[in-house]
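Text of the file input-v7.tsv, holding TSV, C-alpha atoms:
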```tsv
chain	number	residue	atom	x	y	z
U	1	MET	CA	-3.86	3.11	-10.36
U	2	SER	CA	-5.95	2.22	-7.36
U	3	ALA	CA	-4.79	3.39	-3.96
U	4	HIS	CA	-4.24	0.07	-2.21
U	5	CYS	CA	-1.29	-1.64	-0.57
U	6	MET	CA	-0.05	-4.88	-2.13
U	7	LEU	CA	1.03	-6.31	1.25
U	8	THR	CA	-1.50	-5.16	3.85
U	9	GLY	CA	-4.44	-4.67	1.51
U	10	ALA	CA	-5.13	-1.18	2.89
U	11	ARG	CA	-7.70	0.62	0.73
U	12	PRO	CA	-9.31	4.05	0.89
U	13	GLY	CA	-11.81	4.72	3.63
U	14	PHE	CA	-14.85	6.89	3.07
U	15	GLY	CA	-16.45	9.49	5.28
U	16	ASN	CA	-17.78	13.01	5.40
U	17	THR	CA	-16.21	16.43	5.47
U	18	ILE	CA	-18.23	18.54	7.88
U	19	SER	CA	-18.12	22.29	7.30
U	20	HIS	CA	-18.53	25.04	9.88
U	21	SER	CA	-22.25	25.22	9.07
U	22	HIS	CA	-22.37	21.40	9.57
U	23	ARG	CA	-23.10	20.56	5.90
U	24	ARG	CA	-21.72	17.16	4.99
U	25	THR	CA	-19.96	16.26	1.76
U	26	SER	CA	-18.38	12.90	1.02
U	27	ARG	CA	-14.62	12.45	0.97
U	28	ARG	CA	-11.96	9.73	0.74
U	29	PHE	CA	-9.27	8.89	3.27
U	30	ASP	CA	-6.47	7.51	1.08
U	31	PRO	CA	-3.71	5.32	2.57
U	32	ASN	CA	-0.15	6.61	2.33
U	33	ILE	CA	0.89	4.60	-0.75
U	34	GLN	CA	4.54	4.69	-1.84
U	35	THR	CA	6.26	2.90	-4.73
U	36	LYS	CA	9.42	1.21	-3.48
U	37	ARG	CA	11.99	-0.93	-5.27
U	38	TYR	CA	13.50	-3.92	-3.45
U	39	TRP	CA	16.26	-6.33	-4.44
U	40	LEU	CA	14.94	-9.89	-4.42
U	41	PRO	CA	18.06	-12.05	-3.93
U	42	GLY	CA	16.24	-15.36	-4.48
U	43	GLU	CA	15.35	-14.36	-8.05
U	44	GLY	CA	18.34	-12.09	-8.71
U	45	ARG	CA	16.20	-9.11	-9.72
U	46	TYR	CA	14.51	-5.99	-8.43
U	47	VAL	CA	10.79	-5.85	-7.71
U	48	ARG	CA	8.75	-2.66	-7.56
U	49	LEU	CA	6.06	-2.76	-4.88
U	50	ARG	CA	3.22	-0.32	-4.12
U	51	LEU	CA	3.12	-0.30	-0.33
U	52	SER	CA	1.56	1.77	2.41
U	53	ALA	CA	3.82	3.26	5.08
U	54	LYS	CA	2.78	0.40	7.39
U	55	GLY	CA	3.61	-2.09	4.61
U	56	ILE	CA	7.12	-0.65	4.24
U	57	LYS	CA	7.68	-1.06	7.99
U	58	THR	CA	6.41	-4.64	7.76
U	59	VAL	CA	8.91	-5.43	4.97
U	60	ASP	CA	11.69	-4.00	7.18
U	61	VAL	CA	10.70	-6.41	9.98
U	62	ILE	CA	9.94	-9.66	8.10
U	63	GLY	CA	12.25	-9.20	5.10
U	64	VAL	CA	11.55	-8.81	1.41
U	65	GLU	CA	11.45	-12.56	0.61
U	66	ALA	CA	8.72	-13.22	3.17
U	67	ALA	CA	6.82	-10.11	2.11
U	68	VAL	CA	6.82	-11.15	-1.56
U	69	ALA	CA	5.67	-14.63	-0.51
U	70	ARG	CA	2.72	-13.06	1.38
U	71	ILE	CA	1.87	-10.85	-1.59
U	72	ARG	CA	1.90	-13.85	-3.94
U	73	ALA	CA	-0.25	-15.83	-1.47
U	74	ARG	CA	-2.88	-13.08	-1.79
U	75	GLY	CA	-2.89	-13.72	-5.55
U	76	VAL	CA	-1.09	-10.54	-6.64
U	77	LYS	CA	1.45	-10.84	-9.44
U	78	VAL	CA	4.95	-9.56	-8.55
```
Please render this file's structure as structure tokens.
Amino acid sequence: MSAHCMLTGARPGFGNTISHSHRRTSRRFDPNIQTKRYWLPGEGRYVRLRLSAKGIKTVDVIGVEAAVARIRARGVKV
């Protein structure tokens, strides 16, 4: 599974790890992805979403119905 948020679209960032001797090796900065289950009252079922920590906070503010509408507007199947 790819490390990206269904709501915010957050994806891994790339950079370098710099050692004490200043040698550089590539690394990934992964977003904090969590799988969370929400009750969707409009459809009478649960949906399982892969969200970043920021995405979970966004769902708490705007509500699950609006969040699922945004996810579907991005073309992601829920």
Spatial neighbours of Val76 of chain U, 12 Å, all atoms listed in the file, chain gap at least 2 places, as a JSON list (two decimals) with C-alpha atoms, in the coordinates of the input:
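This went into out_0.json:
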```json
[["chain", "number", "residue", "atom", "x", "y", "z"],
["U", 4, "HIS", "CA", -4.24, 0.07, -2.21],
["U", 5, "CYS", "CA", -1.29, -1.64, -0.57],
["U", 6, "MET", "CA", -0.05, -4.88, -2.13],
["U", 7, "LEU", "CA", 1.03, -6.31, 1.25],
["U", 8, "THR", "CA", -1.50, -5.16, 3.85],
["U", 9, "GLY", "CA", -4.44, -4.67, 1.51],
["U", 49, "LEU", "CA", 6.06, -2.76, -4.88],
["U", 50, "ARG", "CA", 3.22, -0.32, -4.12],
["U", 67, "ALA", "CA", 6.82, -10.11, 2.11],
["U", 68, "VAL", "CA", 6.82, -11.15, -1.56],
["U", 69, "ALA", "CA", 5.67, -14.63, -0.51],
["U", 70, "ARG", "CA", 2.72, -13.06, 1.38],
["U", 71, "ILE", "CA", 1.87, -10.85, -1.59],
["U", 72, "ARG", "CA", 1.90, -13.85, -3.94],
["U", 73, "ALA", "CA", -0.25, -15.83, -1.47],
["U", 74, "ARG", "CA", -2.88, -13.08, -1.79],
["U", 78, "VAL", "CA", 4.95, -9.56, -8.55]]
```
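Checking U:Gly63, U:Gly75, U:Gly55, U:Gly13 one by one against Asp30 of chain U, counting all atoms listed in the file, you find the shortest gap at U:Gly13.
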Exercise: residues within 6 Å of coordinate (0.6, 3.3, -0.6), counting all atoms listed in the file, as a PyMOL selection string: chain U and resi 5+31-34+50-52
Deliver the residues from the most recent selection as a file, using C-alpha atoms, as a compact mmCIF listing (two decimals), in the coordinates of the input.
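The resulting part-v9.txt:
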```txt
# COMPACT_ATOMS: atom_id res chain seq x y z
CA CYS U 5 -1.29 -1.64 -0.57
CA PRO U 31 -3.71 5.32 2.57
CA ASN U 32 -0.15 6.61 2.33
CA ILE U 33 0.89 4.60 -0.75
CA GLN U 34 4.54 4.69 -1.84
CA ARG U 50 3.22 -0.32 -4.12
CA LEU U 51 3.12 -0.30 -0.33
CA SER U 52 1.56 1.77 2.41
```
Report, in Å with one decimal, the straight-line distance from atom CA of Arg37 of chain U to atom CA of Lys54 of chain U.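 Atom CA of Lys54 of chain U lies 15.7 Å from atom CA of Arg37 of chain U.
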Spatial neighbours of Tyr38 of chain U, 8 Å, all atoms listed in the file, chain gap at least 3 places, as a JSON list (two decimals) with C-alpha atoms, keeping the file's coordinate frame:
```json
[["chain", "number", "residue", "atom", "x", "y", "z"],
["U", 46, "TYR", "CA", 14.51, -5.99, -8.43],
["U", 47, "VAL", "CA", 10.79, -5.85, -7.71],
["U", 48, "ARG", "CA", 8.75, -2.66, -7.56],
["U", 49, "LEU", "CA", 6.06, -2.76, -4.88],
["U", 64, "VAL", "CA", 11.55, -8.81, 1.41]]
```
Interatomic distance between atom CA of Pro41 of chain U and atom CA of Glu65 of chain U? 8.0 Å
Here is a test: counting only C-alpha atoms, which residue of U:Arg27, U:Ile18, U:Ala66, U:Ile56 is nearest to Leu40 of chain U?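 Nearest to Leu40 of chain U: U:Ala66.
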When you draw a straight line from atom CA of Thr58 of chain U to atom CA of Arg45 of chain U, how long is it in Å?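 It comes out at 20.5 Å.
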Centre, edges in Å (one decimal): axis-aligned box, segment 12-16 of chain U, 4 Å padding on all six sides, as JSON:
```
{"center_x": -13.5, "center_y": 8.5, "center_z": 3.1, "size_x": 16.5, "size_y": 17.0, "size_z": 12.5}
```
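Within 9 Å of Phe29 of chain U, once all atoms listed in the file are used and residues closer than 6 positions along the same chain are dropped, the contacting residues are U:Arg11, U:Pro12, U:Gly13, U:Phe14, U:Gly15.
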At a cut-off of 8 Å, using all atoms listed in the file, what residues contact Thr17 of chain U? Leave out same-chain residues fewer than 5 positions from it and give the result as a CSV table (one decimal) with C-alpha atoms, in the frame of the given file.
```
chain,number,residue,atom,x,y,z
U,24,ARG,CA,-21.7,17.2,5.0
U,25,THR,CA,-20.0,16.3,1.8
U,26,SER,CA,-18.4,12.9,1.0
U,27,ARG,CA,-14.6,12.4,1.0
```
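Closest to Lys36 of chain U among U:Asn16, U:Ser2, U:His22, U:Val59 is U:Val59, based on only C-alpha atoms.
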Since the input is missing atoms for segment 5-16 of chain U, could you rebuild it with all heavy atoms and give the result as a PDB file, keeping the file's coordinate frame?
```pdb
ATOM      1  N   CYS U   5      -2.587  -1.075  -0.893  1.00  0.00           N
ATOM      2  CA  CYS U   5      -1.290  -1.640  -0.570  1.00  0.00           C
ATOM      3  C   CYS U   5      -1.253  -3.108  -1.005  1.00  0.00           C
ATOM      4  O   CYS U   5      -2.191  -3.867  -0.740  1.00  0.00           O
ATOM      5  CB  CYS U   5      -1.055  -1.521   0.934  1.00  0.00           C
ATOM      6  SG  CYS U   5       0.492  -2.253   1.492  1.00  0.00           S
ATOM      7  N   MET U   6      -0.172  -3.510  -1.664  1.00  0.00           N
ATOM      8  CA  MET U   6      -0.050  -4.880  -2.130  1.00  0.00           C
ATOM      9  C   MET U   6       0.140  -5.859  -0.976  1.00  0.00           C
ATOM     10  O   MET U   6      -0.259  -7.018  -1.076  1.00  0.00           O
ATOM     11  CB  MET U   6       1.148  -4.996  -3.087  1.00  0.00           C
ATOM     12  CG  MET U   6       1.004  -4.202  -4.354  1.00  0.00           C
ATOM     13  SD  MET U   6       2.523  -4.156  -5.313  1.00  0.00           S
ATOM     14  CE  MET U   6       2.376  -5.687  -6.218  1.00  0.00           C
ATOM     15  N   LEU U   7       0.723  -5.422   0.132  1.00  0.00           N
ATOM     16  CA  LEU U   7       1.030  -6.310   1.250  1.00  0.00           C
ATOM     17  C   LEU U   7      -0.086  -6.351   2.286  1.00  0.00           C
ATOM     18  O   LEU U   7      -0.578  -7.421   2.627  1.00  0.00           O
ATOM     19  CB  LEU U   7       2.345  -5.884   1.905  1.00  0.00           C
ATOM     20  CG  LEU U   7       2.830  -6.720   3.082  1.00  0.00           C
ATOM     21  CD1 LEU U   7       3.051  -8.166   2.667  1.00  0.00           C
ATOM     22  CD2 LEU U   7       4.108  -6.140   3.647  1.00  0.00           C
ATOM     23  N   THR U   8      -0.503  -5.192   2.769  1.00  0.00           N
ATOM     24  CA  THR U   8      -1.500  -5.160   3.850  1.00  0.00           C
ATOM     25  C   THR U   8      -2.922  -5.110   3.322  1.00  0.00           C
ATOM     26  O   THR U   8      -3.861  -5.386   4.066  1.00  0.00           O
ATOM     27  CB  THR U   8      -1.278  -3.949   4.761  1.00  0.00           C
ATOM     28  OG1 THR U   8      -1.464  -2.747   4.005  1.00  0.00           O
ATOM     29  CG2 THR U   8       0.102  -3.968   5.376  1.00  0.00           C
ATOM     30  N   GLY U   9      -3.095  -4.753   2.066  1.00  0.00           N
ATOM     31  CA  GLY U   9      -4.440  -4.670   1.510  1.00  0.00           C
ATOM     32  C   GLY U   9      -5.188  -3.413   1.919  1.00  0.00           C
ATOM     33  O   GLY U   9      -6.408  -3.350   1.750  1.00  0.00           O
ATOM     34  N   ALA U  10      -4.480  -2.426   2.456  1.00  0.00           N
ATOM     35  CA  ALA U  10      -5.130  -1.180   2.890  1.00  0.00           C
ATOM     36  C   ALA U  10      -5.736  -0.476   1.683  1.00  0.00           C
ATOM     37  O   ALA U  10      -5.084  -0.327   0.645  1.00  0.00           O
ATOM     38  CB  ALA U  10      -4.118  -0.277   3.582  1.00  0.00           C
ATOM     39  N   ARG U  11      -6.981  -0.070   1.800  1.00  0.00           N
ATOM     40  CA  ARG U  11      -7.700   0.620   0.730  1.00  0.00           C
ATOM     41  C   ARG U  11      -8.271   1.920   1.271  1.00  0.00           C
ATOM     42  O   ARG U  11      -8.295   2.122   2.483  1.00  0.00           O
ATOM     43  CB  ARG U  11      -8.830  -0.257   0.214  1.00  0.00           C
ATOM     44  CG  ARG U  11      -8.338  -1.486  -0.508  1.00  0.00           C
ATOM     45  CD  ARG U  11      -9.475  -2.244  -1.149  1.00  0.00           C
ATOM     46  NE  ARG U  11      -8.978  -3.415  -1.863  1.00  0.00           N
ATOM     47  CZ  ARG U  11      -8.606  -3.382  -3.142  1.00  0.00           C
ATOM     48  NH1 ARG U  11      -8.666  -2.279  -3.830  1.00  0.00           N
ATOM     49  NH2 ARG U  11      -8.177  -4.484  -3.724  1.00  0.00           N
ATOM     50  N   PRO U  12      -8.754   2.793   0.401  1.00  0.00           N
ATOM     51  CA  PRO U  12      -9.310   4.050   0.890  1.00  0.00           C
ATOM     52  C   PRO U  12     -10.524   3.831   1.786  1.00  0.00           C
ATOM     53  O   PRO U  12     -11.318   2.915   1.570  1.00  0.00           O
ATOM     54  CB  PRO U  12      -9.735   4.787  -0.389  1.00  0.00           C
ATOM     55  CG  PRO U  12      -8.948   4.164  -1.470  1.00  0.00           C
ATOM     56  CD  PRO U  12      -8.717   2.743  -1.067  1.00  0.00           C
ATOM     57  N   GLY U  13     -10.632   4.684   2.793  1.00  0.00           N
ATOM     58  CA  GLY U  13     -11.810   4.720   3.630  1.00  0.00           C
ATOM     59  C   GLY U  13     -12.679   5.884   3.183  1.00  0.00           C
ATOM     60  O   GLY U  13     -12.184   6.814   2.538  1.00  0.00           O
ATOM     61  N   PHE U  14     -13.945   5.845   3.495  1.00  0.00           N
ATOM     62  CA  PHE U  14     -14.850   6.890   3.070  1.00  0.00           C
ATOM     63  C   PHE U  14     -15.539   7.496   4.280  1.00  0.00           C
ATOM     64  O   PHE U  14     -15.808   6.812   5.266  1.00  0.00           O
ATOM     65  CB  PHE U  14     -15.891   6.338   2.088  1.00  0.00           C
ATOM     66  CG  PHE U  14     -15.277   5.866   0.808  1.00  0.00           C
ATOM     67  CD1 PHE U  14     -14.858   4.563   0.663  1.00  0.00           C
ATOM     68  CD2 PHE U  14     -15.094   6.743  -0.245  1.00  0.00           C
ATOM     69  CE1 PHE U  14     -14.270   4.123  -0.505  1.00  0.00           C
ATOM     70  CE2 PHE U  14     -14.509   6.313  -1.420  1.00  0.00           C
ATOM     71  CZ  PHE U  14     -14.098   5.010  -1.553  1.00  0.00           C
ATOM     72  N   GLY U  15     -15.799   8.793   4.185  1.00  0.00           N
ATOM     73  CA  GLY U  15     -16.450   9.490   5.280  1.00  0.00           C
ATOM     74  C   GLY U  15     -17.015  10.801   4.796  1.00  0.00           C
ATOM     75  O   GLY U  15     -17.250  10.984   3.604  1.00  0.00           O
ATOM     76  N   ASN U  16     -17.206  11.710   5.721  1.00  0.00           N
ATOM     77  CA  ASN U  16     -17.780  13.010   5.400  1.00  0.00           C
ATOM     78  C   ASN U  16     -16.868  14.134   5.854  1.00  0.00           C
ATOM     79  O   ASN U  16     -16.246  14.043   6.907  1.00  0.00           O
ATOM     80  CB  ASN U  16     -19.137  13.195   6.092  1.00  0.00           C
ATOM     81  CG  ASN U  16     -20.193  12.320   5.498  1.00  0.00           C
ATOM     82  OD1 ASN U  16     -20.342  12.272   4.285  1.00  0.00           O
ATOM     83  ND2 ASN U  16     -20.922  11.603   6.336  1.00  0.00           N
TER      84      ASN U  16
END
```
